[in-house]
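Raw entry.cif, mmCIF, C-alpha atoms:
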```cif
data_model
#
loop_
_atom_site.label_atom_id
_atom_site.label_comp_id
_atom_site.auth_asym_id
_atom_site.auth_seq_id
_atom_site.Cartn_x
_atom_site.Cartn_y
_atom_site.Cartn_z
CA MET T 468 148.05 95.32 106.76
CA SER T 469 145.99 97.53 109.03
CA MET T 470 143.16 96.05 111.06
CA GLU T 471 140.66 97.65 108.75
CA SER T 472 142.16 96.31 105.53
CA ARG T 473 142.44 92.82 107.03
CA GLU T 474 138.77 93.04 107.88
CA THR T 475 137.96 94.36 104.41
CA VAL T 476 139.74 91.47 102.70
CA ALA T 477 138.07 89.01 105.01
CA VAL T 478 134.68 90.47 104.12
CA GLN T 479 135.44 90.13 100.43
CA ILE T 480 136.67 86.58 100.71
CA GLY T 481 133.86 85.49 102.95
CA GLN T 482 131.02 86.78 100.79
CA PRO T 483 128.87 83.62 100.79
CA ALA T 484 129.24 83.28 104.58
CA ARG T 485 128.37 86.92 105.05
CA ALA T 486 125.29 86.71 102.84
CA GLU T 487 124.13 83.66 104.78
CA ARG T 488 124.67 85.39 108.10
CA ILE T 489 122.68 88.43 107.02
CA ALA T 490 119.87 86.24 105.68
CA GLY T 491 119.72 84.47 109.06
CA LEU T 492 119.67 87.74 110.96
CA LEU T 493 116.93 89.12 108.70
CA GLN T 494 114.76 86.08 109.33
CA ALA T 495 115.34 86.31 113.08
CA ALA T 496 114.53 90.03 112.99
CA ARG T 497 111.31 89.37 111.09
CA GLU T 498 110.37 86.92 113.81
CA GLY T 499 110.78 89.63 116.40
CA GLN T 500 114.24 88.98 117.84
CA GLN T 501 115.44 92.41 118.87
CA ASP T 502 119.08 91.33 119.14
CA ALA T 503 119.01 90.28 115.48
CA VAL T 504 118.20 93.83 114.45
CA GLY T 505 121.07 95.09 116.58
CA GLN T 506 123.48 92.75 114.83
CA LEU T 507 122.25 93.94 111.46
CA VAL T 508 122.90 97.50 112.62
CA THR T 509 126.50 96.57 113.41
CA GLU T 510 126.93 94.63 110.16
CA LEU T 511 125.49 97.15 107.70
CA SER T 512 126.02 100.60 109.25
CA PRO T 513 129.55 100.98 107.82
CA LEU T 514 128.09 100.76 104.30
CA LEU T 515 125.25 103.17 105.14
CA TRP T 516 127.72 105.63 106.63
CA GLN T 517 129.47 105.83 103.27
CA VAL T 518 126.13 106.30 101.51
CA ALA T 519 125.19 109.20 103.77
CA ARG T 520 128.60 110.88 103.53
CA ALA T 521 128.73 110.35 99.77
CA ALA T 522 125.62 112.54 99.61
CA GLY T 523 127.66 115.36 101.13
CA LEU T 524 126.33 115.39 104.68
CA SER T 525 128.16 116.53 107.78
CA THR T 526 129.06 113.84 110.31
CA GLY T 527 126.19 114.92 112.60
CA ASP T 528 123.63 114.83 109.81
CA ALA T 529 124.96 111.50 108.57
CA GLU T 530 124.48 110.00 112.03
CA ASP T 531 120.92 111.29 112.19
CA VAL T 532 120.17 109.86 108.75
CA LEU T 533 121.43 106.42 109.71
CA GLN T 534 119.30 106.46 112.85
CA THR T 535 116.25 107.45 110.81
CA ALA T 536 116.89 104.67 108.30
CA TRP T 537 117.19 101.98 110.96
CA LEU T 538 114.09 103.19 112.82
CA ARG T 539 112.20 103.10 109.55
CA LEU T 540 113.41 99.57 108.91
CA LEU T 541 111.69 98.42 112.10
CA ASP T 542 108.39 99.38 110.55
CA HIS T 543 109.06 97.69 107.22
CA LEU T 544 110.69 94.41 108.21
CA GLY T 545 107.59 92.57 107.14
CA ASP T 546 108.05 93.73 103.55
CA ILE T 547 111.63 92.57 103.12
CA HIS T 548 112.21 88.94 102.32
CA ALA T 549 115.80 88.53 101.15
CA ALA T 550 119.24 89.65 102.31
CA GLY T 551 119.96 91.41 99.01
CA ALA T 552 116.64 93.23 99.24
CA LEU T 553 117.55 94.33 102.75
CA THR T 554 120.83 95.90 101.61
CA ALA T 555 119.12 97.60 98.69
CA TRP T 556 116.27 98.88 100.87
CA LEU T 557 118.68 100.29 103.45
CA VAL T 558 120.94 101.90 100.83
CA THR T 559 117.96 103.49 99.05
CA THR T 560 116.30 104.67 102.26
CA THR T 561 119.56 106.13 103.56
CA ARG T 562 120.34 107.83 100.25
CA ARG T 563 116.87 109.37 99.90
CA GLU T 564 116.89 110.64 103.47
CA ALA T 565 120.44 111.98 102.99
CA TRP T 566 119.39 113.88 99.86
CA ARG T 567 116.35 115.25 101.68
CA VAL T 568 118.48 116.46 104.60
CA ARG T 569 121.06 117.89 102.23
CA ALA T 570 118.37 119.83 100.36
CA VAL T 571 117.11 121.28 103.62
CA ALA T 572 120.64 122.18 104.72
CA ARG T 573 121.40 123.84 101.41
CA ARG T 574 118.29 125.95 101.62
CA GLN T 575 119.48 127.18 104.99
CA VAL T 576 123.14 127.66 104.11
CA PRO T 577 123.58 128.23 100.40
CA SER T 578 126.72 126.54 99.18
CA ASP T 579 128.04 124.58 96.27
CA THR T 580 129.84 122.25 98.66
CA GLU T 581 130.86 118.94 97.14
CA TRP T 582 131.23 115.87 99.34
CA LEU T 583 134.95 116.36 99.59
CA ASP T 584 134.38 119.46 101.64
CA ALA T 585 132.34 117.47 104.11
CA VAL T 586 135.27 115.22 104.91
CA PRO T 587 137.41 116.29 107.85
CA ASP T 588 140.69 117.96 107.05
CA SER T 589 142.54 114.83 108.04
CA ALA T 590 143.42 114.08 104.41
CA PRO T 591 147.18 113.78 104.46
CA GLY T 592 149.27 116.66 103.12
CA ALA T 593 151.72 115.84 100.35
CA GLU T 594 154.91 116.85 102.10
CA GLU T 595 154.50 114.47 105.04
CA LEU T 596 153.78 111.24 103.25
CA ALA T 597 155.23 107.87 102.47
CA VAL T 598 154.57 106.24 99.08
CA THR T 599 151.35 104.45 100.01
CA HIS T 600 149.87 107.68 101.35
CA GLU T 601 150.99 109.46 98.22
CA GLN T 602 149.06 106.93 96.12
CA ARG T 603 146.04 107.49 98.29
CA ARG T 604 146.33 111.24 97.88
CA GLN T 605 146.46 110.84 94.10
CA LEU T 606 143.37 108.64 94.21
CA TRP T 607 141.67 111.24 96.37
CA ALA T 608 142.55 114.03 93.94
CA ALA T 609 141.49 112.01 90.90
CA LEU T 610 138.14 111.11 92.48
CA GLY T 611 137.58 114.76 93.21
CA ARG T 612 137.84 115.57 89.53
CA LEU T 613 135.09 113.12 88.52
CA PRO T 614 131.51 114.27 87.98
CA GLU T 615 129.62 114.38 91.27
CA ARG T 616 127.37 111.48 90.34
CA CYS T 617 130.41 109.29 89.60
CA GLN T 618 131.98 110.21 92.92
CA GLU T 619 128.86 109.25 94.82
CA LEU T 620 128.25 106.07 92.84
CA LEU T 621 131.79 104.74 93.13
CA ARG T 622 131.92 105.48 96.83
CA ILE T 623 128.71 103.53 97.43
CA VAL T 624 129.55 100.66 95.07
CA ALA T 625 132.98 100.25 96.69
CA PHE T 626 131.17 99.21 99.88
CA VAL T 627 128.35 97.10 98.43
CA PRO T 628 129.19 93.38 98.37
CA ARG T 629 129.29 92.06 94.83
CA PRO T 630 126.33 89.67 95.17
CA ASP T 631 124.10 92.64 96.02
CA TYR T 632 125.08 94.79 93.01
CA ASP T 633 122.06 93.97 90.84
CA VAL T 634 119.50 94.56 93.55
CA VAL T 635 121.16 97.77 94.72
CA ALA T 636 121.44 99.01 91.15
CA ALA T 637 117.75 98.45 90.58
CA GLU T 638 116.96 100.41 93.72
CA LEU T 639 119.38 103.19 92.73
CA GLY T 640 117.21 103.60 89.64
CA MET T 641 119.53 102.04 87.15
CA PRO T 642 118.16 99.40 84.83
CA ARG T 643 119.41 95.89 85.51
CA GLY T 644 122.79 95.48 83.89
CA SER T 645 123.46 99.17 83.56
CA ILE T 646 125.20 99.61 86.86
CA GLY T 647 128.02 97.81 85.12
CA PRO T 648 128.30 100.26 82.21
CA THR T 649 127.72 103.34 84.37
CA ARG T 650 130.11 102.17 87.01
CA GLY T 651 132.40 101.07 84.20
CA ARG T 652 132.35 104.53 82.65
CA CYS T 653 133.09 106.14 86.01
CA LEU T 654 135.88 103.68 86.65
CA ALA T 655 137.33 104.16 83.17
CA LYS T 656 137.41 107.90 83.68
CA LEU T 657 139.06 107.45 87.05
CA ARG T 658 141.71 105.14 85.63
CA GLU T 659 142.38 107.66 82.89
CA LEU T 660 142.92 110.43 85.44
CA LEU T 661 145.19 108.26 87.55
CA SER T 662 147.36 107.03 84.70
CA SER T 663 147.80 110.52 83.25
CA GLY T 664 149.24 111.45 86.63
CA ALA T 665 147.49 114.79 86.47
CA GLU T 666 147.48 116.51 89.82
CA GLY T 667 144.40 118.65 89.61
CA THR T 668 143.79 121.31 92.13
CA PHE T 669 140.21 121.38 93.30
CA GLU T 670 138.22 124.06 94.97
CA MET B 1349 134.84 94.81 84.83
CA ASP B 1350 138.35 93.48 84.92
CA GLU B 1351 140.67 92.77 87.81
CA GLY B 1352 142.05 96.29 87.56
CA ASP B 1353 138.56 97.65 88.16
CA PHE B 1354 138.04 95.40 91.18
CA ALA B 1355 141.41 96.44 92.55
CA LEU B 1356 140.50 100.09 92.06
CA LEU B 1357 137.20 99.67 93.90
CA HIS B 1358 139.14 97.95 96.66
CA ASP B 1359 141.52 100.92 96.85
CA ILE B 1360 138.57 103.32 96.96
CA ARG B 1361 137.10 101.41 99.86
CA GLU B 1362 140.44 101.29 101.67
CA MET B 1363 140.82 105.03 101.20
CA PHE B 1364 137.44 105.93 102.60
CA LEU B 1365 137.86 103.51 105.47
CA ALA B 1366 141.06 105.37 106.32
CA VAL B 1367 139.98 108.98 105.86
CA ASP B 1368 136.29 108.85 106.71
CA PRO B 1369 135.37 105.75 108.70
CA MET B 1370 132.07 105.41 110.45
CA PRO B 1371 132.40 106.58 114.08
CA ALA B 1372 133.00 103.37 116.02
CA SER B 1373 130.37 104.23 118.61
CA LEU B 1374 127.57 104.87 116.11
CA PRO B 1375 126.13 101.34 115.85
CA GLU B 1376 125.86 101.12 119.63
CA ARG B 1377 124.10 104.48 119.84
CA ILE B 1378 121.67 103.44 117.11
CA ARG B 1379 120.98 100.14 118.89
CA PHE B 1380 120.25 102.11 122.04
CA SER B 1381 117.75 104.35 120.29
CA LEU B 1382 116.03 101.32 118.76
CA ALA B 1383 115.79 99.80 122.22
CA LEU B 1384 114.31 103.03 123.57
CA ARG B 1385 111.66 102.83 120.92
CA GLU B 1386 110.79 99.33 122.07
CA LEU B 1387 110.35 100.68 125.60
CA GLU B 1388 108.20 103.57 124.48
CA PHE B 1389 106.03 101.61 122.12
CA GLU B 1390 104.60 98.16 122.16
CA VAL B 1391 105.20 96.96 118.63
CA ALA B 1392 102.37 95.03 117.05
CA ARG B 1393 103.11 92.41 114.44
CA LEU B 1394 101.14 91.49 111.38
CA SER B 1395 99.42 88.22 112.20
CA ALA B 1396 96.91 87.80 109.39
CA GLU B 1397 95.96 89.34 106.10
CA GLU B 1398 93.06 88.34 103.90
CA ASP B 1399 91.51 89.54 100.71
CA GLU B 1400 87.77 89.33 100.87
CA GLY B 1401 87.24 90.45 97.33
CA LEU B 1402 84.97 87.61 96.43
CA LEU B 1403 83.18 87.31 99.75
CA VAL B 1404 82.55 90.90 100.74
CA ALA B 1405 82.23 93.01 97.65
CA ARG B 1406 81.26 96.66 97.59
CA GLY B 1407 80.60 97.33 93.95
CA ALA B 1408 83.79 96.56 92.12
CA GLU B 1409 86.15 97.25 95.02
CA GLN B 1410 87.83 94.63 97.13
CA SER B 1411 87.91 94.47 100.89
CA ARG B 1412 91.05 93.59 102.73
CA THR B 1413 91.33 92.56 106.36
CA VAL B 1414 94.57 92.95 108.27
CA THR B 1415 95.17 91.79 111.84
CA PHE B 1416 97.93 92.94 114.15
CA ASP B 1417 98.92 91.37 117.45
CA SER B 1418 100.84 92.94 120.29
CA ASP B 1419 101.34 91.84 123.89
CA SER B 1420 98.29 93.68 125.16
CA LEU B 1421 96.12 94.24 122.13
CA THR B 1422 94.81 92.72 118.94
CA ILE B 1423 93.78 95.15 116.22
CA MET B 1424 91.77 94.08 113.21
CA ILE B 1425 91.28 96.48 110.33
CA ARG B 1426 89.12 96.17 107.28
CA ILE B 1427 90.31 98.30 104.37
CA ASP B 1428 87.82 99.28 101.66
CA LEU B 1429 88.24 101.53 98.68
CA ASN B 1430 85.87 104.43 98.36
CA CYS B 1431 84.51 105.47 94.98
CA ASP B 1432 86.57 108.67 95.06
CA GLY B 1433 89.88 106.77 95.30
CA THR B 1434 90.35 107.23 99.02
CA ALA B 1435 90.33 104.38 101.51
CA ARG B 1436 88.10 103.57 104.46
CA LEU B 1437 89.37 101.81 107.58
CA ASP B 1438 87.03 100.03 109.96
CA GLY B 1439 88.83 98.88 113.08
CA TRP B 1440 88.19 96.63 116.04
CA MET B 1441 90.33 96.12 119.10
CA ALA B 1442 90.40 93.23 121.50
CA PRO B 1443 90.07 93.37 124.44
CA PRO B 1444 87.47 96.05 123.77
CA GLN B 1445 88.47 99.41 125.21
CA ARG B 1446 88.29 103.12 124.68
CA ARG B 1447 91.46 104.43 123.11
CA VAL B 1448 92.73 107.18 120.83
CA VAL B 1449 93.86 105.97 117.43
CA ASP B 1450 96.29 107.90 115.22
CA LEU B 1451 96.69 107.10 111.57
CA ARG B 1452 100.04 108.34 110.31
CA ILE B 1453 100.39 108.74 106.55
CA GLY B 1454 103.66 110.30 105.52
CA SER B 1455 103.97 113.43 107.61
CA ASP B 1456 100.21 113.74 108.12
CA GLN B 1457 98.21 112.36 111.00
CA LEU B 1458 94.52 111.73 111.48
CA THR B 1459 93.05 110.92 114.89
CA VAL B 1460 89.81 109.28 115.96
CA ASP B 1461 88.46 107.82 119.17
CA ALA B 1462 87.70 104.15 119.66
CA ASP B 1463 84.48 103.51 121.60
CA GLU B 1464 83.99 101.17 124.57
CA ARG B 1465 83.68 98.23 122.17
CA GLY B 1466 87.12 99.08 120.76
CA ARG B 1467 85.55 100.11 117.48
CA PHE B 1468 86.92 102.94 115.35
CA VAL B 1469 86.53 104.27 111.82
CA PHE B 1470 88.59 106.38 109.45
CA SER B 1471 86.07 107.02 106.71
CA ARG B 1472 88.17 108.79 104.08
CA VAL B 1473 91.93 108.58 104.09
CA PRO B 1474 94.49 108.93 101.31
CA ARG B 1475 95.88 105.68 100.04
CA GLY B 1476 99.54 104.86 100.56
CA SER B 1477 101.85 103.71 103.31
CA ALA B 1478 100.37 104.21 106.78
CA GLN B 1479 100.88 103.28 110.41
CA LEU B 1480 98.50 103.11 113.33
CA VAL B 1481 99.30 104.22 116.86
CA VAL B 1482 96.86 103.23 119.59
CA ARG B 1483 97.23 105.23 122.78
CA ALA B 1484 95.47 106.18 125.95
CA GLN B 1485 92.87 108.91 126.06
CA PRO B 1486 93.99 111.96 128.04
CA GLY B 1487 93.55 111.19 131.73
CA GLN B 1488 92.92 107.52 131.12
CA PRO B 1489 94.62 105.61 133.90
CA GLY B 1490 96.57 102.37 133.74
CA CYS B 1491 96.74 102.00 129.98
CA GLY B 1492 100.30 100.88 129.52
CA ARG B 1493 102.39 101.72 126.50
CA ALA B 1494 101.13 103.02 123.21
CA VAL B 1495 100.92 100.35 120.53
CA VAL B 1496 102.35 100.94 117.05
CA THR B 1497 101.73 98.78 114.00
CA PRO B 1498 104.15 98.15 111.14
CA ALA B 1499 103.61 100.16 107.98
CA LEU B 1500 100.73 98.93 105.88
CA ILE B 1501 99.71 99.89 102.38
CA LEU B 1502 96.21 101.27 101.99
#
```

Output the file's structure as structure tokens, nothing else.
Amino acid sequence: MSMESRETVAVQIGQPARAERIAGLLQAAREGQQDAVGQLVTELSPLLWQVARAAGLSTGDAEDVLQTAWLRLLDHLGDIHAAGALTAWLVTTTRREAWRVRAVARRQVPSDTEWLDAVPDSAPGAEELAVTHEQRRQLWAALGRLPERCQELLRIVAFVPRPDYDVVAAELGMPRGSIGPTRGRCLAKLRELLSSGAEGTFE
Amino acid sequence: MDEGDFALLHDIREMFLAVDPMPASLPERIRFSLALRELEFEVARLSAEEDEGLLVARGAEQSRTVTFDSDSLTIMIRIDLNCDGTARLDGWMAPPQRRVVDLRIGSDQLTVDADERGRFVFSRVPRGSAQLVVRAQPGQPGCGRAVVTPALIL
């Protein structure tokens, strides 16, 4: 396994420990420990990166959005009382700021760019690949054929720890319990595309 | 959601980690900019909040008192609701001193002067999420850093 996938599995397995760690850091941050905020930045920025990029931002704009979100958190620490609420607040703040920046960018440079275009051209080409990369390329292609809202939602949800689903869903504007059905519908559609083996071309 | 769904979400995460990971240096750069902000501003913390609805009533509206503490300054604010739906802020600073006070609401900013007793007033401001910045008057020597409060809801 790559370093990243080992870390990913460890994060999934260690969910209770992770939630406890974040709760401790949040409390320390609320008490004014600057280093605690820094550790939260390290812990949660990978998720927020995906949120910003899922909104279709360039890498530069995504970086700016994350910085804005964290600076804004400093001013609202007093309002956040639980680890799950922190994740939801950060995801929502990042997403709103990303959409705002995207709207500004689109006004300046009219385009119907989907998020796939914002990703660097490092997506592997078919002729060079081993089986695992071929599977990834199929997943990539299938995702690209989903409605935009499904693409964004699945990308975010894939990085939100399971215990935080309900709170994040509420913040994303979905009624409690509906993130399941909506995510379920998006996932069902994705599975359908993958099993049909259709290799769609996408603009 | 079944195990197939969980596995698929796992694959999606793996894929994005591989093709579009967060730049490794980004957290450190963000931490640096947060630290810069600490250097530029003295951050005040909420130290007390009281509703005085029963004790200090103006008609039917409630009064609220909020106190912030920073290293160099204590700021107490009383928030009242005006009849026209706006808010009024009466502020006191200790130690008493002349300063300039900005009230930031969204992208707007209102500015007033605090007098030598550290007293300032914003008589009609829109309600919502706001922050105060207390800074030196132009040409005022030896004032130290500007002080910023956390967001408060008017």

Practice prompt. With the file shown as input, list the residues that the PyMOL selection byres ((chain B) within 7 of (chain T)) selects, as a ChimeraX atom specification.
Written response: /B:1349,1353,1357-1358,1360-1363,1367-1368,1370,1375,1378-1379,1382,1498-1499

Item to complete: Compare T:Pro628, T:Asp633, T:Glu615, T:Gln494 by their minimum atom-to-atom distance to Cys653 (chain T), counting all atoms listed in the file, and give me the closest one.
Response: T:Glu615

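Computed from the coordinates, the CA of Trp556 (chain T) to CA of Asp1419 (chain B) distance equals 28.3 Å.
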
Response to the item:
As a check of understanding: the span from CA of Asp1432 (chain B) to CA of Ser1477 (chain B) is 18.1 Å

Worksheet item: For the file shown, what are the residues hit by the PyMOL selection byres ((chain T and resi 553) around 10), laid out as a count of residues only?
Response: 23

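Of note, CA of Leu1429 (chain B) and CA of Thr1415 (chain B) are spaced 17.8 Å apart.
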
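Applied to this file, the PyMOL selection byres ((chain B and resi 1417) around 9) selects Val1391, Ala1392, Arg1393, Leu1394, Ser1395, Thr1415, Phe1416, Ser1418, Asp1419, Ser1420, Leu1421, Thr1422, Ile1423, Met1424 and Thr1497 of chain B.
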
Selected residues written out, C-alpha atoms, as a PDB file, in the coordinates of the input:
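Written file, part-v3.pdb:
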```pdb
ATOM      1  CA  VAL B1391     105.200  96.960 118.630  1.00  0.00           C
ATOM      2  CA  ALA B1392     102.370  95.030 117.050  1.00  0.00           C
ATOM      3  CA  ARG B1393     103.110  92.410 114.440  1.00  0.00           C
ATOM      4  CA  LEU B1394     101.140  91.490 111.380  1.00  0.00           C
ATOM      5  CA  SER B1395      99.420  88.220 112.200  1.00  0.00           C
ATOM      6  CA  THR B1415      95.170  91.790 111.840  1.00  0.00           C
ATOM      7  CA  PHE B1416      97.930  92.940 114.150  1.00  0.00           C
ATOM      8  CA  SER B1418     100.840  92.940 120.290  1.00  0.00           C
ATOM      9  CA  ASP B1419     101.340  91.840 123.890  1.00  0.00           C
ATOM     10  CA  SER B1420      98.290  93.680 125.160  1.00  0.00           C
ATOM     11  CA  LEU B1421      96.120  94.240 122.130  1.00  0.00           C
ATOM     12  CA  THR B1422      94.810  92.720 118.940  1.00  0.00           C
ATOM     13  CA  ILE B1423      93.780  95.150 116.220  1.00  0.00           C
ATOM     14  CA  MET B1424      91.770  94.080 113.210  1.00  0.00           C
ATOM     15  CA  THR B1497     101.730  98.780 114.000  1.00  0.00           C
TER      16      THR B1497
END
```

Fill in: Polymer residues at most 6 Å from Val1449 (chain B), all atoms listed in the file, same-chain spacing of 2 or more positions, as JSON, numbers by chain
{"B": [1459, 1460, 1461, 1481, 1482]}

Atoms kept (C-alpha atoms) for selection, written as a PDB file, keeping the file's coordinate frame:
```pdb
ATOM      1  CA  THR B1459      93.050 110.920 114.890  1.00  0.00           C
ATOM      2  CA  VAL B1460      89.810 109.280 115.960  1.00  0.00           C
ATOM      3  CA  ASP B1461      88.460 107.820 119.170  1.00  0.00           C
ATOM      4  CA  VAL B1481      99.300 104.220 116.860  1.00  0.00           C
ATOM      5  CA  VAL B1482      96.860 103.230 119.590  1.00  0.00           C
TER       6      VAL B1482
END
```

Contact table region 1463-1499 of chain B vs region 1433-1445 of chain B, cut-off 6 Å, shortest pair per residue, only C-alpha atoms, as JSON lines:
```
{"residue": "B:Glu1464", "atom": "CA", "partner": "B:Gln1445", "partner_atom": "CA", "distance": 4.9}
{"residue": "B:Arg1465", "atom": "CA", "partner": "B:Pro1444", "partner_atom": "CA", "distance": 4.7}
{"residue": "B:Gly1466", "atom": "CA", "partner": "B:Pro1444", "partner_atom": "CA", "distance": 4.3}
{"residue": "B:Arg1467", "atom": "CA", "partner": "B:Trp1440", "partner_atom": "CA", "distance": 4.6}
{"residue": "B:Phe1468", "atom": "CA", "partner": "B:Gly1439", "partner_atom": "CA", "distance": 5.0}
{"residue": "B:Val1469", "atom": "CA", "partner": "B:Asp1438", "partner_atom": "CA", "distance": 4.7}
{"residue": "B:Phe1470", "atom": "CA", "partner": "B:Leu1437", "partner_atom": "CA", "distance": 5.0}
{"residue": "B:Ser1471", "atom": "CA", "partner": "B:Arg1436", "partner_atom": "CA", "distance": 4.6}
{"residue": "B:Arg1472", "atom": "CA", "partner": "B:Arg1436", "partner_atom": "CA", "distance": 5.2}
{"residue": "B:Val1473", "atom": "CA", "partner": "B:Ala1435", "partner_atom": "CA", "distance": 5.2}
{"residue": "B:Pro1474", "atom": "CA", "partner": "B:Thr1434", "partner_atom": "CA", "distance": 5.0}
{"residue": "B:Arg1475", "atom": "CA", "partner": "B:Thr1434", "partner_atom": "CA", "distance": 5.8}
```

Item to complete: Please identify all polymer residues within 8 Å of Arg1483 (chain B), counting all atoms listed in the file, omitting same-chain residues fewer than 3 positions from it, and present them as a list in words.
Response: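 Surrounding residues, per the criterion: Arg1447, Val1448, Val1449, Cys1491, Arg1493, Ala1494 and Val1495 of chain B.
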
Fill in: Contacts of Thr1413 (chain B) within 7 Å, all atoms listed in the file, excl. fewer than 6 positions in-chain, as a count of residues only
6

Please reconstruct the missing atoms of region 1379-1401 of chain B (target: N, CA and C atoms) and return them as a PDB file, in the frame of the given file.
```
ATOM      1  N   ARG B1379     121.626 101.257 118.210  1.00  0.00           N
ATOM      2  CA  ARG B1379     120.980 100.140 118.890  1.00  0.00           C
ATOM      3  C   ARG B1379     120.256 100.627 120.134  1.00  0.00           C
ATOM      4  N   PHE B1380     120.861 101.562 120.825  1.00  0.00           N
ATOM      5  CA  PHE B1380     120.250 102.110 122.040  1.00  0.00           C
ATOM      6  C   PHE B1380     118.949 102.824 121.698  1.00  0.00           C
ATOM      7  N   SER B1381     118.967 103.625 120.628  1.00  0.00           N
ATOM      8  CA  SER B1381     117.750 104.350 120.290  1.00  0.00           C
ATOM      9  C   SER B1381     116.658 103.412 119.795  1.00  0.00           C
ATOM     10  N   LEU B1382     117.033 102.313 119.145  1.00  0.00           N
ATOM     11  CA  LEU B1382     116.030 101.320 118.760  1.00  0.00           C
ATOM     12  C   LEU B1382     115.428 100.671 119.996  1.00  0.00           C
ATOM     13  N   ALA B1383     116.278 100.412 120.987  1.00  0.00           N
ATOM     14  CA  ALA B1383     115.790  99.800 122.220  1.00  0.00           C
ATOM     15  C   ALA B1383     114.855 100.743 122.967  1.00  0.00           C
ATOM     16  N   LEU B1384     115.178 102.048 122.934  1.00  0.00           N
ATOM     17  CA  LEU B1384     114.310 103.030 123.570  1.00  0.00           C
ATOM     18  C   LEU B1384     112.928 103.016 122.940  1.00  0.00           C
ATOM     19  N   ARG B1385     112.932 102.857 121.617  1.00  0.00           N
ATOM     20  CA  ARG B1385     111.660 102.830 120.920  1.00  0.00           C
ATOM     21  C   ARG B1385     110.824 101.628 121.360  1.00  0.00           C
ATOM     22  N   GLU B1386     111.500 100.515 121.595  1.00  0.00           N
ATOM     23  CA  GLU B1386     110.790  99.330 122.070  1.00  0.00           C
ATOM     24  C   GLU B1386     110.167  99.591 123.447  1.00  0.00           C
ATOM     25  N   LEU B1387     110.872 100.381 124.266  1.00  0.00           N
ATOM     26  CA  LEU B1387     110.350 100.680 125.600  1.00  0.00           C
ATOM     27  C   LEU B1387     109.154 101.615 125.516  1.00  0.00           C
ATOM     28  N   GLU B1388     109.237 102.550 124.572  1.00  0.00           N
ATOM     29  CA  GLU B1388     108.200 103.570 124.480  1.00  0.00           C
ATOM     30  C   GLU B1388     106.939 103.005 123.841  1.00  0.00           C
ATOM     31  N   PHE B1389     107.152 102.167 122.849  1.00  0.00           N
ATOM     32  CA  PHE B1389     106.030 101.610 122.120  1.00  0.00           C
ATOM     33  C   PHE B1389     105.982 100.102 122.279  1.00  0.00           C
ATOM     34  N   GLU B1390     104.779  99.587 122.326  1.00  0.00           N
ATOM     35  CA  GLU B1390     104.600  98.160 122.160  1.00  0.00           C
ATOM     36  C   GLU B1390     104.426  97.948 120.663  1.00  0.00           C
ATOM     37  N   VAL B1391     105.247  97.113 120.073  1.00  0.00           N
ATOM     38  CA  VAL B1391     105.200  96.960 118.630  1.00  0.00           C
ATOM     39  C   VAL B1391     104.294  95.798 118.261  1.00  0.00           C
ATOM     40  N   ALA B1392     103.273  96.094 117.494  1.00  0.00           N
ATOM     41  CA  ALA B1392     102.370  95.030 117.050  1.00  0.00           C
ATOM     42  C   ALA B1392     102.949  94.382 115.803  1.00  0.00           C
ATOM     43  N   ARG B1393     102.634  93.119 115.615  1.00  0.00           N
ATOM     44  CA  ARG B1393     103.110  92.410 114.440  1.00  0.00           C
ATOM     45  C   ARG B1393     101.936  91.969 113.594  1.00  0.00           C
ATOM     46  N   LEU B1394     102.164  91.955 112.292  1.00  0.00           N
ATOM     47  CA  LEU B1394     101.140  91.490 111.380  1.00  0.00           C
ATOM     48  C   LEU B1394     100.901  90.011 111.645  1.00  0.00           C
ATOM     49  N   SER B1395      99.669  89.637 111.925  1.00  0.00           N
ATOM     50  CA  SER B1395      99.420  88.220 112.200  1.00  0.00           C
ATOM     51  C   SER B1395      98.527  87.580 111.163  1.00  0.00           C
ATOM     52  N   ALA B1396      97.766  88.401 110.417  1.00  0.00           N
ATOM     53  CA  ALA B1396      96.910  87.800 109.390  1.00  0.00           C
ATOM     54  C   ALA B1396      96.530  88.853 108.371  1.00  0.00           C
ATOM     55  N   GLU B1397      96.392  88.428 107.154  1.00  0.00           N
ATOM     56  CA  GLU B1397      95.960  89.340 106.100  1.00  0.00           C
ATOM     57  C   GLU B1397      95.127  88.554 105.107  1.00  0.00           C
ATOM     58  N   GLU B1398      93.942  89.060 104.825  1.00  0.00           N
ATOM     59  CA  GLU B1398      93.060  88.340 103.900  1.00  0.00           C
ATOM     60  C   GLU B1398      92.422  89.288 102.922  1.00  0.00           C
ATOM     61  N   ASP B1399      92.315  88.826 101.705  1.00  0.00           N
ATOM     62  CA  ASP B1399      91.510  89.540 100.710  1.00  0.00           C
ATOM     63  C   ASP B1399      90.112  88.958 100.740  1.00  0.00           C
ATOM     64  N   GLU B1400      89.155  89.832 100.852  1.00  0.00           N
ATOM     65  CA  GLU B1400      87.770  89.330 100.870  1.00  0.00           C
ATOM     66  C   GLU B1400      87.056  89.743  99.613  1.00  0.00           C
ATOM     67  N   GLY B1401      87.823  89.884  98.546  1.00  0.00           N
ATOM     68  CA  GLY B1401      87.240  90.450  97.330  1.00  0.00           C
ATOM     69  C   GLY B1401      86.030  89.699  96.845  1.00  0.00           C
TER      70      GLY B1401
END
```
